[in-house]
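Visitor: I'd like to ask you about the structure that follows.
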Amino acid sequence: MHADLSRATFRPERHYSAVIAQQGRVQLDADLNEQTAIQLHRARTLAADLIGQHGGPRDATGFHIEYVGGKHDIDTLHIRGGRYYVDGILCDADRPVSGTPVPREDGAEQPPTPPEYWTYWDQPDAFRDPEQPDDRLPSPAASPFVVYLRVWERAVCAAEDPALREVALGAALPDTSVRAKVVWQVLPLSLTELGVTDTDPAVDTVREAFDAWARRQSAPSARLAARAERPDHADDDPCLVRPDARYRGPENQLYRVEVHAGGEAGDATFKWSRENGSVVFPVDGLDGTWVRLATLGFDDKLDLDVGDLVEFTDTAQASRLEALPLLRVEELDLPGRRARLSAEPDPRVGRLPHLHPFLRRWDHHEGPRRKGRRTALEGGAVPVTEGEWLALEDGVEVYFAEGGTYRTGDHWIVPARTVTGSVEWPADPARRPLLRAPAGIARHFAPLALVKGEGGTVDLRFAFAPLAGAVPAADEAALVAEARSAREEESAEADPSGGRSQTTAEAEAAAEGDE
């Protein structure tokens with residue numbers, strides 16, 4: 001998550017069940033966030049154990065797919081409302097009901113009410129563009145294709161959703177928190193990509209092929225390790241930090257190493273931030289290479305300076321997980337809150353105000369030094385070099401394992417601490433840093449339908465019935481035993497002597513009185 005965090009402490013392998021606060025202690029964001037993560041992990045694990053890999057409630061199963069083509073200029077899908085769980089994650093396809101506005105004074109008609117279902121083109125988080133050929137649906141006349149659900153989570157800050165900011169705090173203060181959002185996207189997939197050659201495959205064949213494809217897509221092969229090593233120039237500023245400190249930064253930081261362009265090592269690039277990628281600047285306007293910003297930052301640590309590399313993006317681009325070139329800040333107009341970028345941003349990004357465009361600052365200015373010279377940037381990002389330590393800054397170094405395949409958005413976070421003069425990273429008994437898979441993004445997949453044409457859609461979803469039911473009636477033997485017990489209780493109440501004679505009962509009472 002791109003958020004201003006101190007660190008992330010949740011580790012499912014530790015099997016903690018709760019975070020217990022103690023009196024008189026400092027409250028940390030990491031503790032509160034770990035409690036949330038523990039509860040979320042438990043709830044989703046339980047849902048996945050009960051439901052399976054994916055499924056929806058029998059009477060409200062969402063994401064029913066209808067293919068609409070033929071007479072229409074652009075083929076589309078109708079996505080019906082309801083709920084569906086993927087790996088325990090709830091996906092809600094219900095379209096929000098639009099409110100009823102106050103009637104217009106001129107008597108003009110109100111805008112039409114949107115349909116109750118989503119379509120392929122207006123689904124809330126996919127942001128498909130009919131002008132891009134790669135976004136269009138395949139033709140089922142040529143070959144059937146699978147419609148599937150891709151699910152993942154991302155952070156949303158006040159730059160994207162201004163309602164998260166409490167305006168009473170004033171514009172001079174930063175936002176208070178961010179939100180984690182479940183992103184679901186309905187996308188097409190050809191049978192060729194699944195390895196299915198039959199033009200009319202059986203449902204089980206499609207499901208098995210999709211499960212194998214989803215496992216490959218879900219499991220990242222990239223691995224990274226991090227460490228802090230005292231740099232050669234550490235003696236140039238001996239008074240800033242402890243002399244033997246390997247991490248030489250003056251402040252605690254949470255470094256984020258994020259894959260920018262995906263692919264193999266020869267093509268992949270990465271970017272890094274010492275603030276976990278949380279430094280953003282909402283965009284109020286764009287004029288060529290000049291960008292007008294809502295703010296230039298809150299202090300000299302979280303501001304924008306000439307030479308900074310920024311990512312010009314918006315809600316749609318962030319949801320598509322596609323890499324665009326990073327741009328360099330060439331000039332600042334402080335009174336006008338404007339920044340001139342090294343090139344005009346991509347025309348697909350930042351032109352629509354309702355998508356909330358913003359700049360995200362990254363903290364690398366050049367590539368790491370290798371063999372006595374700096375590595376050149378590619379598209380503003382650092383090329384991935386495997387099998388050797390790459391220096392970021394202040395002694396922090398990262399290592400990419402050989403043979404990895406990198407996906408845009410995958411990331412690792414590295415806490416650096418001045419007290420220890422090092423970074424927090426797991427190591428073996430010999431203190432060698434361990435290679436770790438990305439901390440995110442976790443991608444989840446579920447098949448929805450096999451489209452063979454209009455009216456020829458095969459449903460691939462699963463549904464489950466409620467666990468609760470009516471209390472069953474007792475069997476005959478239980479009823480007889482229950483009636484016998486009731487008669488015995490009635491007899492005991494009617495004859496307090498328990499069946500003894502009156503003389504015997506009086507004698508026992510007299511004996512008790514003598515005692």
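Order determines the names: the first chain of the structure tokens is A, the second B, and so forth; residues in each chain are numbered 1 upward, and ligands are numbered 1 upward as they are shown.
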Using only C-alpha atoms, determine which residues lie at most 12 Å from Pro96 in chain A, disregarding the query and same-chain residues fewer than 4 positions distant; provide the list as a list in words.
Guide: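 Counting only C-alpha atoms, the residues come to Gly81, Gly82, Asp92, Thr113, Pro114, Pro115, Glu116, Tyr117, Trp118, Gln123 and Pro124 of chain A.
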Visitor: Any chance you can output those residues with C-alpha atoms as a PDB file, in the first residue's frame?
Guide:
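File selection-v2.pdb, as written:
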```
ATOM      1  CA  GLY A  81     -25.164  -7.581  -9.640  1.00  0.00           C
ATOM      2  CA  GLY A  82     -24.672  -9.758  -6.618  1.00  0.00           C
ATOM      3  CA  ASP A  92     -19.740  -6.803  -4.771  1.00  0.00           C
ATOM      4  CA  THR A 113     -31.301   6.505 -14.830  1.00  0.00           C
ATOM      5  CA  PRO A 114     -28.385   4.129 -15.461  1.00  0.00           C
ATOM      6  CA  PRO A 115     -29.190   0.420 -15.784  1.00  0.00           C
ATOM      7  CA  GLU A 116     -29.029  -1.890 -12.784  1.00  0.00           C
ATOM      8  CA  TYR A 117     -26.066  -3.790 -14.246  1.00  0.00           C
ATOM      9  CA  TRP A 118     -22.502  -2.861 -15.160  1.00  0.00           C
ATOM     10  CA  GLN A 123     -17.310  -1.366 -14.807  1.00  0.00           C
ATOM     11  CA  PRO A 124     -15.982   0.693 -11.896  1.00  0.00           C
TER      12      PRO A 124
END
```
Visitor: Can you list, as number ranges by chain, every residue of range 66-305 of chain A that DSSP puts in strand (DSSP E)?
Guide: A: 66-68, 76-79, 83-86, 89-92, 118-119, 145-156, 179-190, 224-228, 253-259, 269-273, 280-287, 290-293
Visitor: Quick one: everything within 7 Å of Gly263 in chain A, counting only C-alpha atoms, minus sequence neighbours fewer than 4 positions away in the same chain. Send it as a VMD selection string.
Guide: chain A and resid 267 to 268 405 to 407
Visitor: Sorted by chain and rising residue number, list the residues of range 25-103 of chain A at most 12 Å from range 213-221 of chain A (counting only C-alpha atoms), each with its closest atom pair and distance in Å to one decimal, as CSV.
Guide:
```
residue,atom,partner,partner_atom,distance
A:Gln53,CA,A:Ala214,CA,11.2
A:Val86,CA,A:Ala214,CA,11.9
A:Asp87,CA,A:Ser218,CA,11.5
```
Visitor: Would you mind exporting the chosen residues as a PDB file, in the first residue's frame, restricted to C-alpha atoms?
Guide:
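The resulting file, out29.pdb, is reproduced below:
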```pdb
ATOM      1  CA  GLN A  53     -11.427 -20.959  -4.186  1.00  0.00           C
ATOM      2  CA  VAL A  86     -12.527 -15.093  -4.620  1.00  0.00           C
ATOM      3  CA  ASP A  87     -10.011 -16.653  -2.219  1.00  0.00           C
TER       4      ASP A  87
END
```
Visitor: Using Å and a single decimal, report how far CA of Ser6 in chain A sits from CA of Pro415 in chain A.
Guide: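 Taking CA of Pro415 in chain A and CA of Ser6 in chain A, their separation equals 7.5 Å.
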Visitor: Using DSSP secondary structure from the backbone, list all helix (DSSP H, G or I) positions within range 88-303 of chain A, as a PyMOL selection string.
Guide: chain A and resi 133-135+162-164+167-169+191-194+203-218+232-236
Visitor: Can you measure CA of Gly56 in chain A to CA of Leu460 in chain A for me? One decimal in Å is fine.
Guide: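 Spanning CA of Gly56 in chain A to CA of Leu460 in chain A is a straight-line distance of 11.7 Å.
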Visitor: For Gly266 in chain A, work out the shell of residues within 12 Å, counting only C-alpha atoms and skipping chain neighbours fewer than 2 positions away, then give it as a list in words.
Guide: Ala261, Gly262, Gly263, Glu264, Ala268, Thr269, Phe270, Glu378, Val382, Pro383, Val384, Thr385, Glu386, Glu402, Gly403, Gly404, Thr405 and Tyr406 of chain A
Visitor: Give the answer as one residue: which of A:Ala212, A:Ala158, A:Leu321, A:Leu149 has the shortest atom-to-atom distance to Ala171 in chain A, using only C-alpha atoms?
Guide: A:Ala158
Visitor: If we count only C-alpha atoms, what is near Asp299 in chain A at a cut-off of 12 Å, once residues fewer than 4 positions away on the same chain are taken out, given as a VMD selection string?
Guide: chain A and resid 172 to 174 279 295 303 to 305
Visitor: Restricted to N, CA, C and O atoms, what would the selected residues look like written as a PDB file, in the first residue's frame?
Guide:
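Just written: selection.pdb:
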```
ATOM      1  N   ALA A 172      -3.557  23.103   5.527  1.00  0.00           N
ATOM      2  CA  ALA A 172      -2.141  23.089   5.871  1.00  0.00           C
ATOM      3  C   ALA A 172      -1.697  21.764   6.472  1.00  0.00           C
ATOM      4  O   ALA A 172      -0.499  21.483   6.550  1.00  0.00           O
ATOM      5  N   LEU A 173      -2.639  20.933   6.910  1.00  0.00           N
ATOM      6  CA  LEU A 173      -2.297  19.658   7.519  1.00  0.00           C
ATOM      7  C   LEU A 173      -2.475  18.523   6.509  1.00  0.00           C
ATOM      8  O   LEU A 173      -3.342  18.596   5.628  1.00  0.00           O
ATOM      9  N   PRO A 174      -1.672  17.465   6.633  1.00  0.00           N
ATOM     10  CA  PRO A 174      -1.841  16.327   5.719  1.00  0.00           C
ATOM     11  C   PRO A 174      -3.088  15.527   6.042  1.00  0.00           C
ATOM     12  O   PRO A 174      -3.739  15.745   7.065  1.00  0.00           O
ATOM     13  N   VAL A 279       4.315  10.167  -1.028  1.00  0.00           N
ATOM     14  CA  VAL A 279       4.365  11.606  -1.286  1.00  0.00           C
ATOM     15  C   VAL A 279       3.677  11.886  -2.620  1.00  0.00           C
ATOM     16  O   VAL A 279       4.190  11.551  -3.690  1.00  0.00           O
ATOM     17  N   THR A 295      -0.953  21.693  -4.088  1.00  0.00           N
ATOM     18  CA  THR A 295       0.056  22.039  -3.087  1.00  0.00           C
ATOM     19  C   THR A 295       1.414  21.581  -3.581  1.00  0.00           C
ATOM     20  O   THR A 295       1.508  20.637  -4.385  1.00  0.00           O
ATOM     21  N   ASP A 303       8.249  17.831   0.046  1.00  0.00           N
ATOM     22  CA  ASP A 303       7.908  18.781  -1.010  1.00  0.00           C
ATOM     23  C   ASP A 303       8.402  18.283  -2.353  1.00  0.00           C
ATOM     24  O   ASP A 303       8.876  17.148  -2.493  1.00  0.00           O
ATOM     25  N   LEU A 304       8.311  19.144  -3.336  1.00  0.00           N
ATOM     26  CA  LEU A 304       8.738  18.841  -4.699  1.00  0.00           C
ATOM     27  C   LEU A 304       9.882  19.765  -5.051  1.00  0.00           C
ATOM     28  O   LEU A 304       9.802  20.985  -4.846  1.00  0.00           O
ATOM     29  N   ASP A 305      10.972  19.205  -5.583  1.00  0.00           N
ATOM     30  CA  ASP A 305      12.153  19.983  -5.938  1.00  0.00           C
ATOM     31  C   ASP A 305      12.525  19.727  -7.388  1.00  0.00           C
ATOM     32  O   ASP A 305      12.165  18.692  -7.976  1.00  0.00           O
TER      33      ASP A 305
END
```
Visitor: Leaving out Ala446 in chain A and any residue of its chain fewer than 6 positions from it, which residues lie within 12 Å of it when counting only C-alpha atoms, given as a ChimeraX atom specification?
Guide: /A:52-56,63,84-89,91,146-152,184-189,206-215,217-218,459-462
Visitor: Using only C-alpha atoms, which of the listed residues (A:Glu489, A:Glu388, A:Glu397, A:Asp161) sits closest to Val414 in chain A?
Guide: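 When distances to Val414 in chain A are compared using only C-alpha atoms, the smallest one comes from A:Glu397.
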Visitor: As a count of residues only, please: the residues near range 18-28 of chain A (cut-off 12 Å, only C-alpha atoms, same-chain neighbours under 2 positions excluded).
Guide: 23
